[in-house]
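Visitor: My structure is in upload_2.txt, and what it holds is compact mmCIF, C-alpha atoms:
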# COMPACT_ATOMS: atom_id res chain seq x y z
CA MET A 1 5.19 26.27 3.94
CA PRO A 2 4.72 24.99 7.46
CA ASP A 3 1.39 25.63 9.09
CA ALA A 4 1.40 27.44 12.39
CA ALA A 5 2.10 24.08 13.97
CA PRO A 6 2.07 23.91 17.74
CA ARG A 7 5.64 22.84 18.56
CA ARG A 8 5.49 19.47 16.82
CA ARG A 9 5.68 18.96 13.14
CA ALA A 10 2.61 17.22 11.70
CA THR A 11 3.29 13.67 10.60
CA ALA A 12 1.40 14.18 7.34
CA THR A 13 3.92 16.54 5.79
CA GLY A 14 6.93 16.13 3.54
CA PRO A 15 8.33 12.59 3.45
CA GLY A 16 5.64 11.58 5.95
CA ARG A 17 3.20 11.65 3.06
CA VAL A 18 5.18 8.93 1.30
CA LEU A 19 4.99 6.87 4.48
CA ILE A 20 1.23 7.38 4.61
CA ALA A 21 0.97 6.33 0.97
CA VAL A 22 2.75 3.04 1.69
CA TYR A 23 0.63 2.46 4.79
CA ALA A 24 -2.53 3.10 2.78
CA ILE A 25 -1.48 0.52 0.19
CA PHE A 26 -0.86 -2.05 2.91
CA ALA A 27 -4.11 -1.20 4.67
CA LEU A 28 -5.92 -1.79 1.40
CA SER A 29 -4.14 -4.97 0.40
CA ALA A 30 -4.17 -6.61 3.84
CA THR A 31 -7.83 -5.81 4.39
CA ALA A 32 -8.92 -6.92 0.94
CA ARG A 33 -6.92 -10.11 1.21
CA ALA A 34 -8.34 -10.91 4.64
CA GLY A 35 -11.84 -10.14 3.41
CA VAL A 36 -11.57 -12.68 0.62
CA GLN A 37 -9.93 -15.27 2.90
CA LEU A 38 -12.55 -14.91 5.61
CA ALA A 39 -15.42 -14.93 3.15
CA THR A 40 -14.34 -17.89 1.02
CA LYS A 41 -12.12 -20.25 3.05
CA PHE A 42 -12.23 -19.28 6.71
CA HIS A 43 -12.37 -22.93 7.88
CA GLU A 44 -9.05 -23.79 6.18
CA ALA A 45 -6.84 -21.71 8.44
CA PRO A 46 -8.89 -19.62 10.89
CA LEU A 47 -5.90 -18.37 12.88
CA ALA A 48 -3.94 -17.19 9.86
CA TYR A 49 -6.97 -15.48 8.32
CA LEU A 50 -7.96 -13.77 11.56
CA LEU A 51 -4.36 -12.55 11.87
CA SER A 52 -4.61 -11.31 8.30
CA ALA A 53 -7.69 -9.31 9.24
CA PHE A 54 -6.00 -8.04 12.39
CA SER A 55 -2.99 -6.83 10.42
CA GLY A 56 -5.36 -5.06 8.04
CA VAL A 57 -6.97 -3.20 10.95
CA VAL A 58 -3.56 -2.28 12.37
CA TYR A 59 -2.50 -0.83 9.01
CA ILE A 60 -5.73 1.14 8.73
CA LEU A 61 -5.28 2.62 12.23
CA ALA A 62 -1.64 3.45 11.52
CA THR A 63 -2.62 5.16 8.26
CA VAL A 64 -5.30 7.22 10.00
CA GLY A 65 -3.02 8.09 12.91
CA LEU A 66 -0.23 9.27 10.63
CA ALA A 67 -2.52 11.12 8.23
CA ARG A 68 -4.25 13.17 10.91
CA THR A 69 -2.78 15.88 13.08
CA GLY A 70 -2.99 16.26 16.84
CA PRO A 71 -2.03 14.50 20.06
CA SER A 72 -4.64 11.76 19.87
CA ALA A 73 -3.78 10.94 16.26
CA ARG A 74 -0.13 10.78 17.24
CA ARG A 75 -0.93 8.42 20.13
CA LEU A 76 -2.95 6.26 17.77
CA ALA A 77 -0.07 6.15 15.31
CA TRP A 78 2.47 5.26 18.01
CA THR A 79 0.26 2.45 19.28
CA ALA A 80 -0.61 1.04 15.87
CA VAL A 81 2.94 1.13 14.53
CA THR A 82 4.28 -0.48 17.72
CA ILE A 83 1.71 -3.28 17.48
CA GLU A 84 2.65 -3.62 13.82
CA LEU A 85 6.34 -4.08 14.67
CA VAL A 86 5.56 -6.62 17.40
CA GLY A 87 3.15 -8.36 15.05
CA VAL A 88 5.57 -8.74 12.17
CA LEU A 89 8.30 -9.99 14.53
CA VAL A 90 6.08 -12.46 16.39
CA VAL A 91 4.16 -13.75 13.39
CA GLY A 92 7.32 -13.78 11.31
CA SER A 93 9.12 -15.90 13.90
CA LEU A 94 6.17 -18.23 14.41
CA SER A 95 5.76 -18.75 10.68
CA VAL A 96 9.42 -19.69 10.40
CA PHE A 97 9.67 -21.94 13.47
CA ASP A 98 6.17 -23.41 13.60
CA ARG A 99 4.91 -23.89 10.09
CA VAL A 100 1.99 -26.02 11.24
CA ALA A 101 0.39 -23.08 13.03
CA PHE A 102 0.57 -20.98 9.88
CA PRO A 103 -0.18 -23.17 6.90
CA SER A 104 -1.43 -20.18 4.97
CA ALA A 105 0.36 -16.91 4.42
CA THR A 106 -0.44 -13.62 6.10
CA VAL A 107 1.15 -10.28 5.33
CA TRP A 108 3.52 -10.83 8.25
CA SER A 109 4.57 -14.41 7.45
CA GLY A 110 8.31 -14.83 6.98
CA TYR A 111 8.76 -11.24 8.26
CA GLY A 112 6.90 -9.98 5.21
CA ALA A 113 9.15 -11.72 2.68
CA GLY A 114 6.15 -12.18 0.34
CA TYR A 115 5.79 -8.40 0.23
CA GLY A 116 9.42 -7.60 -0.43
CA TRP A 117 10.20 -7.25 3.31
CA VAL A 118 8.34 -3.97 3.30
CA PRO A 119 6.21 -5.08 6.31
CA LEU A 120 9.44 -5.40 8.34
CA VAL A 121 10.94 -2.08 7.29
CA LEU A 122 7.72 -0.06 7.40
CA PRO A 123 7.18 -0.05 11.19
CA LEU A 124 10.82 0.94 11.75
CA LEU A 125 10.41 3.89 9.39
CA GLY A 126 7.09 4.69 11.05
CA LEU A 127 8.59 4.76 14.54
CA PHE A 128 11.54 6.81 13.31
CA TRP A 129 9.23 9.33 11.67
CA LEU A 130 7.01 9.60 14.75
CA TYR A 131 10.09 10.12 16.91
CA ARG A 132 11.56 12.69 14.57
CA THR A 133 8.42 14.74 14.12
CA GLY A 134 7.55 14.41 17.80
CA ARG A 135 10.54 16.29 19.11
CA ASN A 136 9.80 19.81 20.27
CA GLY A 137 10.96 22.87 18.46
CA PRO A 138 10.29 24.12 14.94
CA GLU A 139 11.46 21.83 12.21
CA LYS A 140 12.61 22.89 8.84
CA ALA A 141 9.89 22.01 6.34
CA ARG A 142 10.92 20.99 2.89
CA MET B 143 -7.43 -9.76 -20.19
CA ILE B 144 -5.23 -9.11 -23.13
CA HIS B 145 -1.76 -10.37 -22.42
CA PRO B 146 0.24 -7.71 -24.34
CA LEU B 147 -1.77 -4.91 -22.70
CA ALA B 148 -1.10 -6.32 -19.23
CA VAL B 149 2.60 -6.69 -19.97
CA ALA B 150 2.64 -3.14 -21.34
CA LEU B 151 0.96 -1.98 -18.13
CA VAL B 152 3.64 -3.56 -15.96
CA ILE B 153 6.20 -1.60 -17.96
CA VAL B 154 4.28 1.71 -17.92
CA THR B 155 3.59 1.55 -14.21
CA GLY B 156 7.32 0.97 -13.71
CA ALA B 157 8.09 3.96 -15.91
CA LEU B 158 5.58 6.08 -13.97
CA ALA B 159 7.30 5.09 -10.73
CA VAL B 160 10.66 6.18 -12.14
CA PHE B 161 9.11 9.45 -13.33
CA GLY B 162 7.67 10.09 -9.87
CA ILE B 163 10.92 9.36 -8.07
CA ALA B 164 12.81 11.51 -10.55
CA SER B 165 10.55 14.45 -9.78
CA THR B 166 11.27 13.96 -6.07
CA VAL B 167 15.01 13.79 -6.71
CA LEU B 168 14.81 16.98 -8.78
CA GLY B 169 12.85 18.59 -5.97
CA LYS B 170 9.83 19.43 -8.09
CA PRO B 171 6.18 19.18 -7.04
CA PRO B 172 3.98 17.03 -9.29
CA GLY B 173 3.43 19.18 -12.36
CA ARG B 174 1.41 18.85 -15.52
CA PRO B 175 3.61 16.19 -17.21
CA LEU B 176 3.32 13.89 -14.21
CA VAL B 177 -0.44 14.41 -14.02
CA LEU B 178 -0.72 13.57 -17.72
CA ALA B 179 1.40 10.45 -17.22
CA VAL B 180 -0.87 9.31 -14.40
CA GLY B 181 -3.84 9.98 -16.68
CA VAL B 182 -2.42 7.81 -19.45
CA VAL B 183 -1.65 4.91 -17.09
CA GLU B 184 -5.06 5.20 -15.48
CA ALA B 185 -6.76 5.17 -18.90
CA LEU B 186 -4.89 1.98 -19.85
CA LEU B 187 -5.85 0.39 -16.53
CA VAL B 188 -9.50 1.26 -17.15
CA VAL B 189 -9.36 -0.26 -20.65
CA GLN B 190 -7.82 -3.42 -19.23
CA ALA B 191 -10.39 -3.64 -16.43
CA LEU B 192 -13.26 -3.22 -18.89
CA ILE B 193 -11.92 -5.92 -21.21
CA ALA B 194 -11.27 -8.31 -18.34
CA ALA B 195 -14.67 -7.67 -16.77
CA VAL B 196 -16.44 -8.27 -20.06
CA ARG B 197 -14.60 -11.55 -20.49
CA VAL B 198 -15.30 -12.70 -16.93
CA PHE B 199 -18.98 -11.94 -17.27
CA GLY B 200 -18.85 -13.60 -20.65
CA GLY B 201 -17.97 -16.86 -18.92
CA ALA B 202 -14.20 -16.85 -18.45
CA ARG B 203 -13.23 -18.16 -15.02
CA PRO B 204 -9.82 -17.10 -13.68
CA VAL B 205 -8.60 -18.97 -10.58
CA GLU B 206 -10.16 -17.33 -7.55
CA THR B 207 -12.60 -15.27 -9.60
CA SER B 208 -13.66 -13.13 -6.62
CA THR B 209 -10.04 -12.21 -5.86
CA PHE B 210 -9.52 -11.43 -9.54
CA LEU B 211 -12.50 -9.06 -9.58
CA ILE B 212 -11.34 -7.30 -6.40
CA TYR B 213 -7.91 -6.76 -7.97
CA LEU B 214 -9.63 -5.34 -11.07
CA VAL B 215 -11.55 -2.81 -8.97
CA VAL B 216 -8.42 -1.88 -7.01
CA SER B 217 -6.46 -1.48 -10.25
CA VAL B 218 -8.65 1.44 -11.37
CA CYS B 219 -9.44 3.10 -8.01
CA VAL B 220 -6.06 3.75 -6.45
CA LEU B 221 -4.22 6.12 -8.80
CA PRO B 222 -6.85 8.91 -8.75
CA PHE B 223 -6.82 9.00 -4.94
CA PHE B 224 -3.06 9.03 -4.78
CA LEU B 225 -2.78 11.74 -7.40
CA GLN B 226 -5.13 13.84 -5.31
CA PHE B 227 -3.09 13.13 -2.17
CA ALA B 228 0.18 13.84 -3.97
CA ARG B 229 -1.03 17.24 -5.15
CA ALA B 230 -2.70 18.25 -1.87
CA GLU B 231 0.66 19.30 -0.47
CA PRO B 232 2.58 20.45 -3.54
CA ASN B 233 6.18 19.67 -2.75
CA ARG B 234 8.85 17.27 -3.97
CA TRP B 235 7.40 14.28 -2.08
CA GLY B 236 4.29 14.16 -4.26
CA GLY B 237 6.30 12.38 -6.95
CA THR B 238 7.23 9.53 -4.62
CA VAL B 239 3.63 9.22 -3.43
CA ILE B 240 2.67 8.63 -7.06
CA ALA B 241 5.59 6.21 -7.44
CA VAL B 242 4.30 4.16 -4.50
CA ALA B 243 0.89 3.88 -6.12
CA ALA B 244 2.46 3.06 -9.50
CA VAL B 245 4.53 0.21 -8.05
CA ALA B 246 1.48 -1.13 -6.23
CA MET B 247 -0.55 -1.06 -9.45
CA GLY B 248 2.26 -2.86 -11.26
CA VAL B 249 2.08 -5.60 -8.65
CA VAL B 250 -1.71 -5.72 -8.99
CA VAL B 251 -1.38 -6.19 -12.76
CA LEU B 252 1.17 -8.97 -12.20
CA ARG B 253 -1.22 -10.69 -9.80
CA LEU B 254 -4.01 -10.32 -12.37
CA LEU B 255 -1.77 -11.92 -14.99
CA VAL B 256 -0.98 -14.89 -12.73
CA LEU B 257 -4.64 -15.42 -11.85
CA TRP B 258 -5.68 -15.04 -15.48
CA ALA B 259 -3.08 -17.62 -16.56
CA GLY B 260 -5.14 -20.24 -14.76
CA THR B 261 -8.36 -19.32 -16.49
CA SER B 262 -10.74 -21.94 -17.71
CA ALA B 263 -12.95 -20.77 -20.53
Just give me the structure of the file as structure tokens.

Guide:
Amino acid sequence: MPDAAPRRRATATGPGRVLIAVYAIFALSATARAGVQLATKFHEAPLAYLLSAFSGVVYILATVGLARTGPSARRLAWTAVTIELVGVLVVGSLSVFDRVAFPSATVWSGYGAGYGWVPLVLPLLGLFWLYRTGRNGPEKAR
Amino acid sequence: MIHPLAVALVIVTGALAVFGIASTVLGKPPGRPLVLAVGVVEALLVVQALIAAVRVFGGARPVETSTFLIYLVVSVCVLPFFLQFARAEPNRWGGTVIAVAAVAMGVVVLRLLVLWAGTSA
């Protein structure tokens, strides 16, 4: 039952809700992890822990952007998911080629290998979903 | 923590994930059986959290006690929210939403087990 959606399909419908669920889990785990790291051992690896916190914020913004409907939410989602993709690629590469800079793991270390590569696949799915739902014209809702 | 209960929870959360995905594959919105299954898993998680909390406050010290306690809180809070979210738009995808939460809770229980393994009494 599609709402009387203005041209674009809302991102928070159908399979998009699964995407939001995964984003919410990552928002929670990245933020909680960063919180503990910053609170208990910030001095050990400040860069890695700040990156951890940054990734948490990016996941939260992506979750909110995808879960809400409207042009500004969609812009937010596009921005957050793009930053997420750049982040996982840059941090992933740095963690592989310059281990000294990242002595401690973040969600994005090793392209998200510690999280079953989900951090690498998630932004691609997110961008695909934003592209797909963003095209004009009524979409078939399932 | 009670080891057999935690191991059982890893298995039940896995089973719940399969149940959720099956309901998506069959094209069914989350119905009463799935809600009941979530309820059972959640009840077990609550029992585990209570036991673990009692033991921590009784003096047991898992490695990274603060992390352990955060995982305990997360282990009981997530499923109710996701069940709500899964049922808010009643279509086939609700099952997979629950499966995502179930897998995440399985991982949380595994993490709890690892942290608990390094406990000093």

Visitor: What are the nearest atom pairs, with distances in Å to one decimal, for all residues of chain B that come at most 8 Å from chain A, using only C-alpha atoms, set out by chain and rising residue number as a Markdown table?

Guide:
| residue | atom | partner | partner_atom | distance |
| --- | --- | --- | --- | --- |
| B:Ser208 | CA | A:Val36 | CA | 7.5 |
| B:Thr209 | CA | A:Val36 | CA | 6.7 |
| B:Ile212 | CA | A:Ala32 | CA | 7.7 |
| B:Phe224 | CA | A:Ala21 | CA | 7.5 |
| B:Ala228 | CA | A:Arg17 | CA | 8.0 |
| B:Glu231 | CA | A:Thr13 | CA | 7.6 |
| B:Asn233 | CA | A:Gly14 | CA | 7.3 |
| B:Arg234 | CA | A:Gly14 | CA | 7.8 |
| B:Trp235 | CA | A:Pro15 | CA | 5.9 |
| B:Gly236 | CA | A:Val18 | CA | 7.7 |
| B:Thr238 | CA | A:Val18 | CA | 6.3 |
| B:Val239 | CA | A:Val18 | CA | 5.0 |
| B:Val242 | CA | A:Val22 | CA | 6.5 |
| B:Ala243 | CA | A:Ala21 | CA | 7.5 |
| B:Ala246 | CA | A:Ile25 | CA | 7.3 |

Visitor: CA of Leu125 (chain A) to CA of Val91 (chain A): how many Å, to one decimal?

Guide: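 One can read the CA of Leu125 (chain A) to CA of Val91 (chain A) distance as 19.1 Å.
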
Visitor: So that I can see what lies close to Thr106 (chain A), please list as a ChimeraX atom specification the residues with an atom at most 10 Å from it, counting all atoms listed in the file and leaving out residues fewer than 4 positions away in the same chain.

Guide: /A:30,33-34,47-53,55,88,91-92,95,102,110-112,114

Visitor: Using all atoms listed in the file, give me every residue within 12 Å of (-7.3, 1.5, -23.2) in file coordinates, as a list in words.

Guide: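 Output of the proximity query reads Met143, Ile144, Pro146, Leu147, Ala148, Ala150, Leu151, Gly181, Val182, Val183, Glu184, Ala185, Leu186, Leu187, Val188, Val189, Gln190, Ala191, Leu192, Ile193, Ala194 and Val218 of chain B.
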
Visitor: What is the distance, in Å and to one decimal place, between CA of Ala113 (chain A) and CA of Thr261 (chain B)?

Guide: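 These two atoms are separated by 27.1 Å.
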
Visitor: Can you tell me, as a list in words, what residues are no more than 10 Å from Ala159 (chain B) when counting all atoms listed in the file, ignoring any on the same chain fewer than 3 positions away?

Guide: Ile153, Val154, Thr155, Gly156, Gly162, Ile163, Ala164, Ser165, Val180, Gly237, Thr238, Val239, Ile240, Ala241, Val242, Ala243, Ala244, Val245, Ala246 and Gly248 of chain B

Visitor: Find the distance between CA of Arg99 (chain A) and CA of Val249 (chain B) and write it in Å to one decimal.

Guide: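 We find that CA of Arg99 (chain A) and CA of Val249 (chain B) lie 26.3 Å from each other.
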
Visitor: Counting all atoms listed in the file, which of A:Val90, A:Val96, A:Ala39, A:Ala27 gets nearest to Ala62 (chain A)?

Guide: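 Among the listed residues, the smallest separation from Ala62 (chain A) belongs to A:Ala27.
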
Visitor: For Glu44 (chain A), which residue out of A:Arg135, A:Leu124, A:Tyr59, A:Ala105 is the nearest one, using all atoms listed in the file?

Guide: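 When distances to Glu44 (chain A) are compared using all atoms listed in the file, the smallest one comes from A:Ala105.
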
Visitor: Need to verify the contact set: Gly134 (chain A), 12 Å, all atoms listed in the file, exclusion of same-chain residues closer than 5 positions in sequence. Can you return it as a ChimeraX atom specification?

Guide: /A:5-11,66,69-71,73-75,77-78,126-129,139

Visitor: How would the residues just picked look written out with C-alpha atoms as a PDB file, in the coordinates of the input?

Guide:
ATOM      1  CA  ALA A   5       2.100  24.080  13.970  1.00  0.00           C
ATOM      2  CA  PRO A   6       2.070  23.910  17.740  1.00  0.00           C
ATOM      3  CA  ARG A   7       5.640  22.840  18.560  1.00  0.00           C
ATOM      4  CA  ARG A   8       5.490  19.470  16.820  1.00  0.00           C
ATOM      5  CA  ARG A   9       5.680  18.960  13.140  1.00  0.00           C
ATOM      6  CA  ALA A  10       2.610  17.220  11.700  1.00  0.00           C
ATOM      7  CA  THR A  11       3.290  13.670  10.600  1.00  0.00           C
ATOM      8  CA  LEU A  66      -0.230   9.270  10.630  1.00  0.00           C
ATOM      9  CA  THR A  69      -2.780  15.880  13.080  1.00  0.00           C
ATOM     10  CA  GLY A  70      -2.990  16.260  16.840  1.00  0.00           C
ATOM     11  CA  PRO A  71      -2.030  14.500  20.060  1.00  0.00           C
ATOM     12  CA  ALA A  73      -3.780  10.940  16.260  1.00  0.00           C
ATOM     13  CA  ARG A  74      -0.130  10.780  17.240  1.00  0.00           C
ATOM     14  CA  ARG A  75      -0.930   8.420  20.130  1.00  0.00           C
ATOM     15  CA  ALA A  77      -0.070   6.150  15.310  1.00  0.00           C
ATOM     16  CA  TRP A  78       2.470   5.260  18.010  1.00  0.00           C
ATOM     17  CA  GLY A 126       7.090   4.690  11.050  1.00  0.00           C
ATOM     18  CA  LEU A 127       8.590   4.760  14.540  1.00  0.00           C
ATOM     19  CA  PHE A 128      11.540   6.810  13.310  1.00  0.00           C
ATOM     20  CA  TRP A 129       9.230   9.330  11.670  1.00  0.00           C
ATOM     21  CA  GLU A 139      11.460  21.830  12.210  1.00  0.00           C
TER      22      GLU A 139
END
